[in-house]
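Student: Can you read through this structure? Questions will come right after.
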Amino acid sequence: MTTENRRLKELLAENEEMRLRLEEAEETLRAIRSGEVDTLVVPGPEREHLDSQGVIVGASKIARDISERKNAVSELKESEERYRRISQQFNALLDNLPDGIAQIAPDFGVIWASRSMKELVRGNGADSEGSCCYQAFWDMRAPCVPCPVARSFKSGKIEEGNIKLPDERLLELRAVPISDESGKVESVIEVIRDITEHRKLEAQLRHAQKMESIGTLAGGIAHDFNNIITAIVGFGYITLMKMGQDDPLRQNIEHMLEGADRAAQLTKDILIFSRKQVSEKRPVDLNEIVGKVEKFLARVIGEDISCILVLQNVPIFVYADTYQLEQVLMNLATNARDAMVGGGNLTISIEPIEIEKDFITVHGYGKPGCYALVTISDTGDGMNEETREKIFEPFFTTKGVGKGTGLGLALVYGIIKQHDGYINVYSEPGAGTTFRIYLPLIPAEISAVEIGQEEEILARGTETILLAEDDESVRGLISTVLNQHGYTVIEAVNGADAVNKFMENREAIQLFVSDLIMPKMNGNEAYEEMRLWRPGMKAIFASGYAPDFIRQKLSFESGVTLISKPISPHLLLKKVRTVLDEGEGQDRRLSPLHA
């Protein structure tokens, strides 16, 4: 074989070996990229690994640690997975928040919006990304004025505002700026909240607070005012009893007593409206109450107004004070009469209904259950929204001076609330007015309790009565009335004085008549002292304070009778005789209160 051929064969062998090494290198690179190996072996420089004949006799091995890169790749994958999960959770949170949230660009374009935002402002969940916010959300051709988003872009601060939708919903808008490192506002996050129900509740709270403030005032003046009226009525009554039927001055006394009675009723009305007057509730049929009031309505509303009743064929029982419900109907009828100057129709209807969750959601009040709905409608002038919102406020009236106290509808409101009911009103100018009253129904099998009229007997007596009263005029009145009807009266100016008088005459005293709230020692404390010596001691307490105030201040552990001032002489005499005629030591507790 020639030298040239031998050299050619050697070169071919070397090329084959190089090809194999290259394939091995490529396989190693592939393994490295896939993470299968951590090292790389490549041929060394030819000058250092070739013999004199040019044959490769060795190879250099180069190793590189790529574990950090593998760890980085792994951490990157974990980070991407965490980001994906957080993103899903964040989007789910935004979409399910009741508040609408959107990111707005400087040109008012919607970068993104939560599902709540789309449903809140448009109600259909339509896609809004890329559109102008005022077009996508409000169907407007230009930004609203004033626009919280625009103000936030300009000021770089949080801006707020409200917007009222055509469907009467009230929305609260809040714009929060997002700034870059230089402080330039890049975008604004807009948060929208439906505050319609919140504002309704605020209005109801303010109304309740007004009611409570007037009630507190009424309770504070009731005691002194009722003492004054008691003296006027009492002495007027005594004077009238001594006058002959043909006495020319008799009419003056009668007019005085009528005025005093109206003053006493005004105090009671204020206490009723403020929910501080105790109701004498019992099961009653609304059909009977409305039917009874109808004959009085004709005299109230006049002949030019037709009264239409729509009653039920079956009893509609509620637990109520008959007198107070009659007051409600009379007051509403009077207001209807004033609204129908040229005549019209007054319609009163009764029907059973059931209040459900949907009703409560729409109206913002009520408890689920069965109710009696009493609807009072007129065809009068109606009223605007501003007036409608104020009609239940105390002393608010649209009538002229001297034509109304402004307590009529406030009294109606107080009575209905005291009966655990609800009342609303719908009215528009020129379209009449409709009041709807909801009273809790009681089972139909419960019959109304008939309360017979007590026979008025002013019986005389011979017993000895201990009287404690810090008001001199009232004390003198009660003492005079009792003395004139045969009783012996021992007077005391307060509770402590009453205890002393009792200790001096305890064998003779058969009844303790006392004002409840007095200085030094109240009537109940004095009574408890007396009961240590006479366990079966009988007592009658009188007070001009509201009953709830009495219950807060005093704790009654024994049987007594409580009567409210102003006290008429005949009522006082009846109560005295009733208590004295009862068995010795009978327990007649304050709950329920005896009137």
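Identifiers in the structure tokens: chain A, B, ... in order shown; residue index from 1 per chain; ligand index from 1 in order shown.
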Give me, as a PyMOL selection string, all polymer residues having an atom no more than 6 Å from A:Val493, counting only C-alpha atoms and skipping those fewer than 3 positions away in the same chain.
Tutor: chain A and resi 468-470
Student: Could you turn the residues from that selection into a file that holds N, CA and C atoms, as a PDB file, in the first residue's frame?
Tutor:
```pdb
ATOM      1  N   ALA A 468    -100.487  61.063 100.964  1.00  0.00           N
ATOM      2  CA  ALA A 468     -99.158  61.664 100.811  1.00  0.00           C
ATOM      3  C   ALA A 468     -99.058  62.290  99.423  1.00  0.00           C
ATOM      4  N   GLU A 469     -98.857  63.610  99.378  1.00  0.00           N
ATOM      5  CA  GLU A 469     -98.778  64.338  98.112  1.00  0.00           C
ATOM      6  C   GLU A 469     -97.953  65.602  98.333  1.00  0.00           C
ATOM      7  N   ASP A 470     -96.885  65.781  97.534  1.00  0.00           N
ATOM      8  CA  ASP A 470     -96.018  66.934  97.748  1.00  0.00           C
ATOM      9  C   ASP A 470     -96.569  68.197  97.106  1.00  0.00           C
TER      10      ASP A 470
END
```
Student: Report as a ChimeraX atom specification: the residues of stretch 235-471 of chain A with a DSSP assignment of helix (DSSP H, G or I), based on the backbone of this structure.
Tutor: /A:235-242,250-273,286-301,322-339,357-363,385-388,408-418
Student: What's around stretch 96-104 of chain A at 9 Å? Count only C-alpha atoms, leave out sequence neighbours fewer than 3 positions away in its own chain, and write the answer as number ranges by chain.
Tutor: A: 91-93, 107-121, 132-133, 149, 187-194
Student: Okay, now the selection with C-alpha atoms, as a PDB file, in the first residue's frame?
Tutor:
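And here is the file that came out, out39.pdb:
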```pdb
ATOM      1  CA  ASN A  91     -60.521  38.159  40.074  1.00  0.00           C
ATOM      2  CA  ALA A  92     -63.009  35.978  41.941  1.00  0.00           C
ATOM      3  CA  LEU A  93     -62.923  38.439  44.843  1.00  0.00           C
ATOM      4  CA  ASP A 107     -58.799  59.125  28.378  1.00  0.00           C
ATOM      5  CA  PHE A 108     -61.657  57.622  30.466  1.00  0.00           C
ATOM      6  CA  GLY A 109     -61.233  54.267  28.758  1.00  0.00           C
ATOM      7  CA  VAL A 110     -62.107  51.217  30.853  1.00  0.00           C
ATOM      8  CA  ILE A 111     -58.931  49.152  31.363  1.00  0.00           C
ATOM      9  CA  TRP A 112     -60.863  46.469  33.245  1.00  0.00           C
ATOM     10  CA  ALA A 113     -64.090  46.226  35.227  1.00  0.00           C
ATOM     11  CA  SER A 114     -65.371  43.696  37.719  1.00  0.00           C
ATOM     12  CA  ARG A 115     -68.505  41.758  37.016  1.00  0.00           C
ATOM     13  CA  SER A 116     -70.165  43.540  39.940  1.00  0.00           C
ATOM     14  CA  MET A 117     -69.470  46.876  38.260  1.00  0.00           C
ATOM     15  CA  LYS A 118     -71.073  45.791  35.007  1.00  0.00           C
ATOM     16  CA  GLU A 119     -74.138  44.413  36.752  1.00  0.00           C
ATOM     17  CA  LEU A 120     -74.437  47.362  39.116  1.00  0.00           C
ATOM     18  CA  VAL A 121     -74.452  50.163  36.553  1.00  0.00           C
ATOM     19  CA  CYS A 132     -65.284  55.159  27.712  1.00  0.00           C
ATOM     20  CA  CYS A 133     -66.561  54.768  31.250  1.00  0.00           C
ATOM     21  CA  VAL A 149     -62.648  60.216  38.246  1.00  0.00           C
ATOM     22  CA  SER A 187     -54.932  55.443  36.079  1.00  0.00           C
ATOM     23  CA  VAL A 188     -57.774  55.664  38.585  1.00  0.00           C
ATOM     24  CA  ILE A 189     -59.555  52.883  40.437  1.00  0.00           C
ATOM     25  CA  GLU A 190     -63.274  53.690  40.588  1.00  0.00           C
ATOM     26  CA  VAL A 191     -65.363  52.074  43.338  1.00  0.00           C
ATOM     27  CA  ILE A 192     -69.158  52.299  43.165  1.00  0.00           C
ATOM     28  CA  ARG A 193     -71.526  51.324  45.991  1.00  0.00           C
ATOM     29  CA  ASP A 194     -75.334  51.193  46.036  1.00  0.00           C
TER      30      ASP A 194
END
```
Student: So what do you get for atom CA of A:Val233 versus atom CA of A:Leu466, distance-wise?
Tutor: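 Separating atom CA of A:Val233 from atom CA of A:Leu466 is a distance of 22.2 Å.
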Student: Name the residues in contact with stretch 303-305 of chain A at a cut-off of 7 Å, using only C-alpha atoms, excluding same-chain residues fewer than 6 positions from it; report them as an mmCIF file with N, CA and C atoms, in the first residue's frame.
Tutor:
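As a result, out28.cif now contains:
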```cif
data_model
loop_
_atom_site.group_PDB
_atom_site.id
_atom_site.type_symbol
_atom_site.label_atom_id
_atom_site.label_comp_id
_atom_site.auth_asym_id
_atom_site.auth_seq_id
_atom_site.Cartn_x
_atom_site.Cartn_y
_atom_site.Cartn_z
ATOM 1 N N GLY A 343 -115.076 68.339 47.694
ATOM 2 C CA GLY A 343 -115.741 67.050 47.786
ATOM 3 C C GLY A 343 -114.907 65.937 47.155
ATOM 4 N N GLY A 344 -115.346 64.707 47.339
ATOM 5 C CA GLY A 344 -114.627 63.570 46.773
ATOM 6 C C GLY A 344 -115.004 62.282 47.467
ATOM 7 N N ASN A 345 -114.126 61.303 47.405
ATOM 8 C CA ASN A 345 -114.384 59.991 47.985
ATOM 9 C C ASN A 345 -113.301 59.636 49.013
ATOM 10 N N LEU A 346 -113.747 59.104 50.143
ATOM 11 C CA LEU A 346 -112.848 58.558 51.147
ATOM 12 C C LEU A 346 -113.126 57.064 51.246
#
```
Student: Residues within 6 Å of A:Met383, please, as a ChimeraX atom specification. Count only C-alpha atoms; anything in the same chain fewer than 2 positions from it doesn't count.
Tutor: /A:427-429
Student: Could you tell me how far atom CA of A:Gly536 lies from atom CA of A:Ile563, in Å and to one decimal?
Tutor: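 Atom CA of A:Ile563 lies 20.1 Å from atom CA of A:Gly536.
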Student: To one decimal place, how far is atom CA of A:Lys538 from atom CA of A:Asn524 in Å?
Tutor: 11.9 Å
Student: Determine, counting only C-alpha atoms, which protein, DNA and RNA residues have an atom within 9 Å of an atom of A:Gly364; residues of the same chain fewer than 6 positions away are not included. Present the result as a PyMOL selection string.
Tutor: chain A and resi 197+200-201
Student: Generate a file of the selected residues that holds C-alpha atoms, formatted as an mmCIF file, in the first residue's frame.
Tutor:
```
data_model
loop_
_atom_site.group_PDB
_atom_site.id
_atom_site.type_symbol
_atom_site.label_atom_id
_atom_site.label_comp_id
_atom_site.auth_asym_id
_atom_site.auth_seq_id
_atom_site.Cartn_x
_atom_site.Cartn_y
_atom_site.Cartn_z
ATOM 1 C CA GLU A 197 -81.068 51.133 51.377
ATOM 2 C CA LYS A 200 -83.466 54.826 53.762
ATOM 3 C CA LEU A 201 -82.263 53.410 57.068
#
```
Student: Between A:Phe392, A:Ala542, A:Ala498, A:Val284, which is the closest to A:Pro440 once you count only C-alpha atoms?
Tutor: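 For A:Pro440, the nearest of the given residues is A:Val284.
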